[in-house]
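What follows is one structure encoded as structure tokens, with my remarks underneath.
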Amino acid sequence: MLEKNYLWRIYWQLAGVIMLCVVLGLAAVSYFSHRVFERELVPETEKKAATEGSSVRSLVLKASSYGIPFDSLYGVDKTFEEIFSENPEFSFAAITNTEGRMLYSYGKEPPGALVHFHSPALLAAMRDATVPWQVAHVGPQYVVSLPIIREGQALGVLHIGIDSVFVDRVLLEVMLDVVVVLVVSLFFTLELLNFMAGARLASGLGEFARQVERMRAGDFTATARIRANDEIGRLLRRIDAAVDHLNVRYEFLAGELQDKLRTAVGARRDALKPAMAMLEAINKRFRFGSAPKGAEGDEMNLNRIRAPLFAFILAEELTRSYLPSYVNQLLVNVPGVSPQVVIGLPIMVFMLIVALGQPYLGGWSERVGRRRAMLIGASIATVGFLATALAYNLYDLLLWRSLCALGYAMVFVAAQGYVLDRTGAQNRAQGFALFIGAIMVATVCGPSIGGILADNIGFRMSFGVSAIMSFLSILAILRLPAIEVKTPSQRPSRAPRMREIMALVLNKRFMTLTGLAAMPAKVILTGVCFYLVPLYIVSLGNTSAMAGRMLMVYAVMMVVIVPLSARLSDASMRRDRWVSIGLIISGVSGLLLLFSDSFLVLFGVVFLLGLGQALSIAAQSALVADHCADEIRIFGHDAVYGVYRLLERLGNALGPLIASVLVVFWGYQGAFVAISALVLVCGIVFTIATRGMVMEEVPAHT
Amino acid sequence: MGTIRVRFIMVALVVSFFAVGMAAFLNYFKYKSTIGGMIKSRVLVVGRSIENSVQASLSLGLQFTELSTLPSLMEREKSADKLIRGIDVFDDTGQIIYSTEPARVGQRVMRGWTESANRSKSTEWSSEAPDEYVAGISLKNNFDLTVGYLALRYSRDYVDRAAEKTAREILLIALLAFAGIAIVAPLALILVIRRFEQDLRTLEIAASHLEDRTQGPAITGSAFDVAINHLRDSLRDANGALDDLRAKLDAAA
């Protein structure tokens with residue numbers, strides 16, 4: 001569509017300019033903050049070096065008080081080594097005698113050190129017992145010098161060198177977070193462009209394009225719509241005016257002809273025949289009058305769902321990178337259950353409630369109304385987030401997380417229903433792209449920002465931020481239209497029946513796909529990303545922010561690869577192969593930890609997992625229709641997909657449980673390897689089982 | 001200024017506010033944690049020498065409760081750094097056995113101290129009180145058994161003042177950066193969306209001449225030229241048909 005590409009081109013240009021400005025702003029903040037850090041931290045480090053130096057000096061004085069000659073002290077190197085291990089900013093230490101000759105040294109000697117040690121000014125100052133310490137900039141180091149004086153007699157000088165680049169090292173972690181902020185800003189920009197300007201612009205231009213098409217087809221029926229007071233609105237008003245004038249003219253001419261026909265007889269009536277023929281031709285070629293109400297599109301209101309959905313999902317995604325660490329903090333001893341399993345419980349309960357709740361909440365949201373269902377769900381989740389922030393221990397945390405899960409399931413299902421209600425066969429894919437887009441952007445932004453927040457303001461405050469986001473989503477939901485839209489032909493949705501579940505669970509074809517592909521894919525997703533990665537990274541001494549960055553890698557892979565793989569798998573019509581490749585890549589990911597436990601390898605694990613999932617995820621659900629055409633004919637499309645989704649989501653709940661049990665037996669690395677091996681085996685068996693199967697051509701299902 | 005232009009500028013400002021705000025927030029917290037850690041490790045240096053002395057006494061066979069030289073050593077070490085407000089040594093029940101403030105001996109420390117000492121995976125631990133920070137070391141005997149805890153209380157003011165000063169500076173930097181963006185971004189955006197606005201203007205002008213019987217403004221090469229032509233053609237066709245009808249009605253009259 002012309003207007004869509006046209007708009008996206010503008011969005012990207014705008015996003016580019018905004019990003020450039022943001023980068024410049026961030027660079028300025030980073031540069032000047034670096035200067036502040038340097039100015040404030042260097043004196044503090046010097047004080048610390050002086051305190052460390054005093055401690056070393058007392059040892060030296062103690063040794064020399066036992067009569068050991070000052071130039072023959074034993075273990076000075078060892079002492080220096082110890083203080084270096086505790087103070088990574090120290091890079092050099094030395095003891096010189098009163099003439100400046102170096103007796104002991106450790107670390108990297110800065111250029112010009114010997115000249116400094118021999119400087120008469122320093123040597124004179126260091127003979128004065130009232131001088132506590134002196135600092136000089138020697139080469140790339142700040143050297144703190146302390147006099148060593150026993151009973152009024154100067155013995156020598158202790159020097160400690162501080163590497164001036166230590167401030168850079170301190171700021172490196174901040175820089176990584178700033179890069180994360182930059183990536184998140186890009187996604188925020190696109191989201192905000194859509195929310196603040198794009199939704200109206202897109203619907204306005206869409207309406208314009210439709211109006212042009214209608215008029216080309218001869219449809220001049222007038223629509224009584226309220227136009228926005230912006231450029232597009234004004235434009236549409238002008239077109240409306242032209243159409244209205246045309247309608248008035250038509251009505252007038254048709255009325256005039258009718259009047260004349262009523263009074264005309266004989267020759268006069270014959271004279272009107274060409275006009276009558278002309279009117280007939282006009283009526284055949286053009287349509288005038290009022291447009292039927294149902295003909296009005298609802299694109300504007302469809303776009304409105306994106307903002308509340310994004311805000312709400314972001315609230316939950318913010319917690320992904322630090323939730324297991326928070327649970328660890330509130331851990332209580334549950335008799336007979338390993339603490340590792342207990343840590344996984346809140347994630348498992350959350351996933352279980354979402355899995356079991358969604359099939360039933362679909363019908364409920366239809367009954368109470370999508371907007372109302374979303375409001376109730378978001379309110380419950382807001383209370384859940386707030387209470388989680390104030391949780392006393394694991395038991396009440398489980399309850400509060402259950403509230404979050406219930407709210408999540410309600411909002412998710414109601415938002416999905418909102419899209420379904422406002423889309424038809426022609427624009428359903430577009431509607432779901434909007435729905436999934438909001439979720440994916442929240443998945444990219446949430447864990448990374450959540451990790452940063454948790455590291456800096458703590459877990460409880462970070463849950464408070466989630467509560468605020470969830471509350472903001474309520475405000476955005478309130479802006480949704482209060483009038484529900486329902487297509488007359490739409491059947492009420494229902495949860496799958498037990499009979500259908502049992503029949504499908506025992507169906508070999510259905511379970512080949514669900515049991516060997518969909519469920520393992522979800523098990524590895526939640527087991528690795530939601531449970532193992534956050535805990536393993538923190539266990540290595542890293543921060544929640546690092547866990548967030550890792551999860552962001554996964555989400556970015558999904559955002560980038562999924563649209564591509566969906567297109568390619570649809571084009572190739574060998575979706576089973578895409579699922580196989582995806583599963584095998586996911587399965588190989590964790591095996592990397594067999595070779596090394598380095599951080600880079602962990603990055604590789606998450607990267608491969610993201611790649612594998614992205615390759616298979618789109619093809620997987622489309623494959624249900626390909627693979628289970630007979631089952632769909634017997635049980636119906638809704639039932640087959642309903643059971644498929646239910647089992648898939650149960651895989652989500654099983655992931656943390658399986659991962660935690662594996663951790664108990666084999667530790668974190670073992671759990672990564674074992675869960676990946678399980679998926680790899682499933683991938684291989686799936687590949688063998690689907691070999692030679694003939695696929696029916698069915699378009700991708702969302 | 002056009003409504004759409006204002007909205008795009010608003011987006012730029014909101015995103016910049018978020019990014020610059022987050023960068024300032026990160027820098028501030030990094031500074032606070034770095035300065036806090038630095039001061040804590042400085043205080044712990046003093047604690048280490050007391051720890052060494054206690055361990056030396058224990059290895060000589062002295063009881064933990066009979067270290068008579070410990071209070072004077074603690075007093076001496078406390079005076080080595082003005083930052084330290086007081087030093088306490090307490091047992092695993094939380095009862096203070098030695099302190100640089102004699103009045104505290106026999107009292108119990110806050111429960112948070114013993115909890116964080118027990119929770120810590122190393123011998124070092126830390127806690128917070130309303131007006132002071134506490135850096136501590138678990139004291140172990142030769143058999144690696146914890147016999148008590150050393151707590152060094154130091155001024156919270158010092159850390160908070162340093163953090164506040166830096167916070168003000170970082171805030172100022174962030175505000176200036178944001179102000180810079182607020183000036184540059186609208187100008188840059190105007191340059192980018194000029195073409196889009198021009199397209200919209202062309203469209204609006206064309207729309208204002210839709211009902212003119214004249215040819216209307218010339219094709220400008222805008223993205224909407226095709227659509228505008230379609231609109232004009234459709235309206236011309238419809239009006240032409242109605243003109244014919246009018247002519248036929250007039251002829252009949």
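Residue numbering restarts at 1 for every chain of the structure tokens, chains are lettered A, B, ... in their displayed order, and ligands are numbered from 1 as they appear.
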
Using only C-alpha atoms, determine which residues lie at most 10 Å from Met110 in chain B, disregarding the query and same-chain residues fewer than 3 positions distant; provide the list as a ChimeraX atom specification.
/B:94-95,107,113-115,127-129

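The residue set within 9 Å of Phe8 in chain B, counting only C-alpha atoms and dropping same-chain residues fewer than 4 places from it, reads Leu14, Leu193, Met196 and Ala197 of chain A; Thr3, Ile4, Ala12, Leu13, Pro186, Leu189 and Ile193 of chain B.
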
Give me the residues near Leu41 in chain A as a PyMOL selection string, where near means some atom within 9 Å (using only C-alpha atoms) and where sequence neighbours in that chain fewer than 3 positions away do not count.
(chain A and resi 36-38+44-46+167) or (chain B and resi 31+34-35+38)

List every residue of range 56-192 of chain B that DSSP, applied to the backbone of this structure, assigns to strand (DSSP E), and report them as a ChimeraX atom specification.
/B:84-90,96-99,124-128,132-140,146-155

Can you spit out the residues from that selection as a short mmCIF file (atom, residue, chain, number, x, y, z; two decimals), in the first residue's frame, using N, CA and C atoms?
```cif
data_model
loop_
_atom_site.label_atom_id
_atom_site.label_comp_id
_atom_site.auth_asym_id
_atom_site.auth_seq_id
_atom_site.Cartn_x
_atom_site.Cartn_y
_atom_site.Cartn_z
N ILE B 84 34.95 7.67 60.68
CA ILE B 84 34.40 6.61 61.53
C ILE B 84 33.82 7.22 62.80
N ARG B 85 32.53 6.92 63.04
CA ARG B 85 31.87 7.47 64.23
C ARG B 85 32.04 6.58 65.45
N GLY B 86 32.12 5.30 65.23
CA GLY B 86 32.28 4.39 66.34
C GLY B 86 32.53 2.97 65.85
N ILE B 87 33.16 2.17 66.73
CA ILE B 87 33.43 0.76 66.37
C ILE B 87 32.84 -0.11 67.47
N ASP B 88 32.11 -1.13 67.07
CA ASP B 88 31.53 -2.08 68.02
C ASP B 88 31.98 -3.49 67.67
N VAL B 89 32.11 -4.30 68.71
CA VAL B 89 32.32 -5.74 68.49
C VAL B 89 31.19 -6.44 69.23
N PHE B 90 30.45 -7.27 68.51
CA PHE B 90 29.32 -7.96 69.16
C PHE B 90 29.35 -9.46 68.88
N ILE B 96 26.56 -6.24 72.30
CA ILE B 96 27.85 -5.56 72.12
C ILE B 96 28.77 -5.91 73.29
N ILE B 97 29.97 -6.37 72.93
CA ILE B 97 30.92 -6.77 73.97
C ILE B 97 31.99 -5.68 74.15
N TYR B 98 32.42 -5.12 73.04
CA TYR B 98 33.40 -4.02 73.10
C TYR B 98 32.86 -2.89 72.23
N SER B 99 33.13 -1.67 72.65
CA SER B 99 32.71 -0.53 71.82
C SER B 99 33.57 0.68 72.14
N GLU B 124 32.92 -10.08 54.89
CA GLU B 124 32.50 -8.68 54.95
C GLU B 124 30.99 -8.56 54.81
N TRP B 125 30.41 -7.63 55.51
CA TRP B 125 28.98 -7.38 55.40
C TRP B 125 28.73 -5.89 55.60
N SER B 126 27.55 -5.46 55.28
CA SER B 126 27.24 -4.04 55.48
C SER B 126 25.76 -3.88 55.78
N SER B 127 25.44 -2.78 56.43
CA SER B 127 24.05 -2.51 56.77
C SER B 127 23.85 -0.99 56.81
N GLU B 128 22.60 -0.62 56.96
CA GLU B 128 22.32 0.82 57.00
C GLU B 128 21.47 1.16 58.21
N GLU B 132 23.49 6.56 59.80
CA GLU B 132 24.87 6.09 59.55
C GLU B 132 24.88 4.78 58.77
N TYR B 133 26.02 4.56 58.13
CA TYR B 133 26.24 3.29 57.44
C TYR B 133 27.09 2.40 58.35
N VAL B 134 26.97 1.11 58.14
CA VAL B 134 27.77 0.17 58.93
C VAL B 134 28.52 -0.76 57.97
N ALA B 135 29.83 -0.83 58.16
CA ALA B 135 30.63 -1.81 57.41
C ALA B 135 31.15 -2.80 58.43
N GLY B 136 31.03 -4.07 58.14
CA GLY B 136 31.40 -5.05 59.16
C GLY B 136 32.25 -6.18 58.65
N ILE B 137 32.87 -6.85 59.62
CA ILE B 137 33.70 -8.03 59.32
C ILE B 137 33.31 -9.12 60.32
N SER B 138 33.12 -10.32 59.82
CA SER B 138 32.86 -11.44 60.73
C SER B 138 34.20 -11.92 61.28
N LEU B 139 34.29 -12.01 62.59
CA LEU B 139 35.57 -12.39 63.21
C LEU B 139 35.59 -13.91 63.38
N LYS B 140 36.63 -14.50 62.83
CA LYS B 140 36.70 -15.98 62.89
C LYS B 140 37.93 -16.40 63.68
N THR B 146 32.97 -18.55 63.33
CA THR B 146 32.69 -17.14 63.63
C THR B 146 32.48 -16.98 65.14
N VAL B 147 33.31 -16.12 65.75
CA VAL B 147 33.18 -15.92 67.20
C VAL B 147 32.46 -14.60 67.52
N GLY B 148 32.43 -13.72 66.57
CA GLY B 148 31.76 -12.44 66.79
C GLY B 148 31.83 -11.59 65.54
N TYR B 149 31.40 -10.36 65.68
CA TYR B 149 31.35 -9.47 64.52
C TYR B 149 31.90 -8.09 64.87
N LEU B 150 32.61 -7.53 63.92
CA LEU B 150 33.14 -6.19 64.10
C LEU B 150 32.31 -5.25 63.23
N ALA B 151 31.84 -4.17 63.83
CA ALA B 151 31.01 -3.22 63.06
C ALA B 151 31.63 -1.83 63.14
N LEU B 152 31.87 -1.23 61.98
CA LEU B 152 32.41 0.12 61.94
C LEU B 152 31.30 1.05 61.45
N ARG B 153 30.89 1.96 62.33
CA ARG B 153 29.81 2.89 61.96
C ARG B 153 30.44 4.15 61.40
N TYR B 154 29.99 4.57 60.24
CA TYR B 154 30.54 5.80 59.68
C TYR B 154 29.43 6.71 59.15
N SER B 155 29.80 7.96 59.02
CA SER B 155 28.81 9.00 58.74
C SER B 155 28.09 8.79 57.41
#
```

Using only C-alpha atoms, the residue out of A:Pro308, A:Gly451, A:Pro140, A:Gly582 with shortest distance to Ala378 in chain A is A:Pro308

Taking 3 positions as the minimum chain separation for residues in the same chain, which residues sit within 6 Å of Ala275 in chain A when counting only C-alpha atoms? Answer as a PyMOL selection string.
(chain A and resi 272+278) or (chain B and resi 245+248-249)

Would you list, as number ranges by chain, the residues of range 513-591 of chain A that end up in alpha helix (DSSP H) under DSSP run on this structure's backbone?
A: 513, 519-524, 533-539, 544-572, 575-589

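With only C-alpha atoms as the atoms that count, the minimum distance from Phe635 in chain A to the choices A:Gly357, A:Pro534, A:Pro520, A:Pro496 is reached by A:Pro496.
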
I want to know what sits within 10 Å of Asp233 in chain B, based on only C-alpha atoms, with residues of the same chain fewer than 4 positions away left out; could you give that as a list in words?
Met215 and Arg216 of chain A; Leu210, Ala227, Ile228, Asn229, Asp237, Ala238 and Asn239 of chain B

Please, could you write that set of residues out with N, CA and C atoms as a PDB file, in the first residue's frame?
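That gives us selection-v2.pdb:
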```
ATOM      1  N   MET A 215     -14.209   6.670  -4.735  1.00  0.00           N
ATOM      2  CA  MET A 215     -14.638   7.611  -5.767  1.00  0.00           C
ATOM      3  C   MET A 215     -14.265   7.106  -7.155  1.00  0.00           C
ATOM      4  N   ARG A 216     -13.121   6.449  -7.243  1.00  0.00           N
ATOM      5  CA  ARG A 216     -12.721   5.874  -8.551  1.00  0.00           C
ATOM      6  C   ARG A 216     -13.736   4.841  -8.995  1.00  0.00           C
TER       7      ARG A 216
ATOM      8  N   LEU B 210     -10.728  20.974  -5.876  1.00  0.00           N
ATOM      9  CA  LEU B 210     -11.357  19.765  -6.418  1.00  0.00           C
ATOM     10  C   LEU B 210     -12.587  20.083  -7.258  1.00  0.00           C
ATOM     11  N   ALA B 227      -2.891   9.947  -6.565  1.00  0.00           N
ATOM     12  CA  ALA B 227      -4.162   9.973  -5.837  1.00  0.00           C
ATOM     13  C   ALA B 227      -4.946  11.231  -6.181  1.00  0.00           C
ATOM     14  N   ILE B 228      -4.233  12.365  -6.251  1.00  0.00           N
ATOM     15  CA  ILE B 228      -4.912  13.628  -6.572  1.00  0.00           C
ATOM     16  C   ILE B 228      -5.555  13.540  -7.967  1.00  0.00           C
ATOM     17  N   ASN B 229      -4.802  12.991  -8.922  1.00  0.00           N
ATOM     18  CA  ASN B 229      -5.337  12.853 -10.282  1.00  0.00           C
ATOM     19  C   ASN B 229      -6.571  11.965 -10.293  1.00  0.00           C
ATOM     20  N   ASP B 237     -15.540  13.243 -13.800  1.00  0.00           N
ATOM     21  CA  ASP B 237     -16.469  12.291 -14.436  1.00  0.00           C
ATOM     22  C   ASP B 237     -17.879  12.471 -13.893  1.00  0.00           C
ATOM     23  N   ALA B 238     -17.957  12.499 -12.567  1.00  0.00           N
ATOM     24  CA  ALA B 238     -19.286  12.598 -11.934  1.00  0.00           C
ATOM     25  C   ALA B 238     -19.937  13.920 -12.292  1.00  0.00           C
ATOM     26  N   ASN B 239     -19.164  15.000 -12.182  1.00  0.00           N
ATOM     27  CA  ASN B 239     -19.713  16.308 -12.514  1.00  0.00           C
ATOM     28  C   ASN B 239     -20.103  16.374 -13.989  1.00  0.00           C
TER      29      ASN B 239
END
```

Can you tell me which residues surround Asp77 in chain A at a distance of at most 8 Å, considering only C-alpha atoms, apart from same-chain residues fewer than 5 positions away, and format the answer as a PyMOL selection string?
chain A and resi 104-106

Close residues, Ile561 in chain A itself excluded, 9 Å, only C-alpha atoms, min 3 positions apart in chain, as number ranges by chain:
A: 556-558, 564-566, 610-611, 614-615

Closest atom pairs, residues of range 25-102 of chain B within 9 Å of range 50-70 of chain A, only C-alpha atoms, as a tab-separated table:
```
residue	atom	partner	partner_atom	distance
B:Arg42	CA	A:Thr51	CA	6.4
B:Val43	CA	A:Thr51	CA	8.5
B:Val45	CA	A:Glu52	CA	6.3
B:Val46	CA	A:Ser55	CA	7.6
B:Arg48	CA	A:Ser55	CA	9.0
B:Ser49	CA	A:Ser55	CA	7.3
B:Ala80	CA	A:Thr51	CA	8.5
B:Asp81	CA	A:Thr51	CA	8.1
```

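Straight-line separation from CA of Thr512 in chain A to CA of Ser660 in chain A: 25.9 Å.
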
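Among A:Arg150, A:Ser164, A:Trp133, A:Phe286, the residue with the shortest atom-to-atom distance to chain B, counting only C-alpha atoms, is A:Phe286.
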
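We find CA of Leu646 in chain A and CA of Ala355 in chain A to be spaced 5.8 Å apart.
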
Nearest-residue call for Leu246 in chain A, choices B:Arg195, B:Arg236, B:Arg7, B:Lys32, using only C-alpha atoms:
B:Arg236

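Remark: for Met374 in chain A, the closest of the candidate residues A:Leu73, A:Leu475, A:Val681, A:Asp576 is A:Leu475 (distances computed over only C-alpha atoms).
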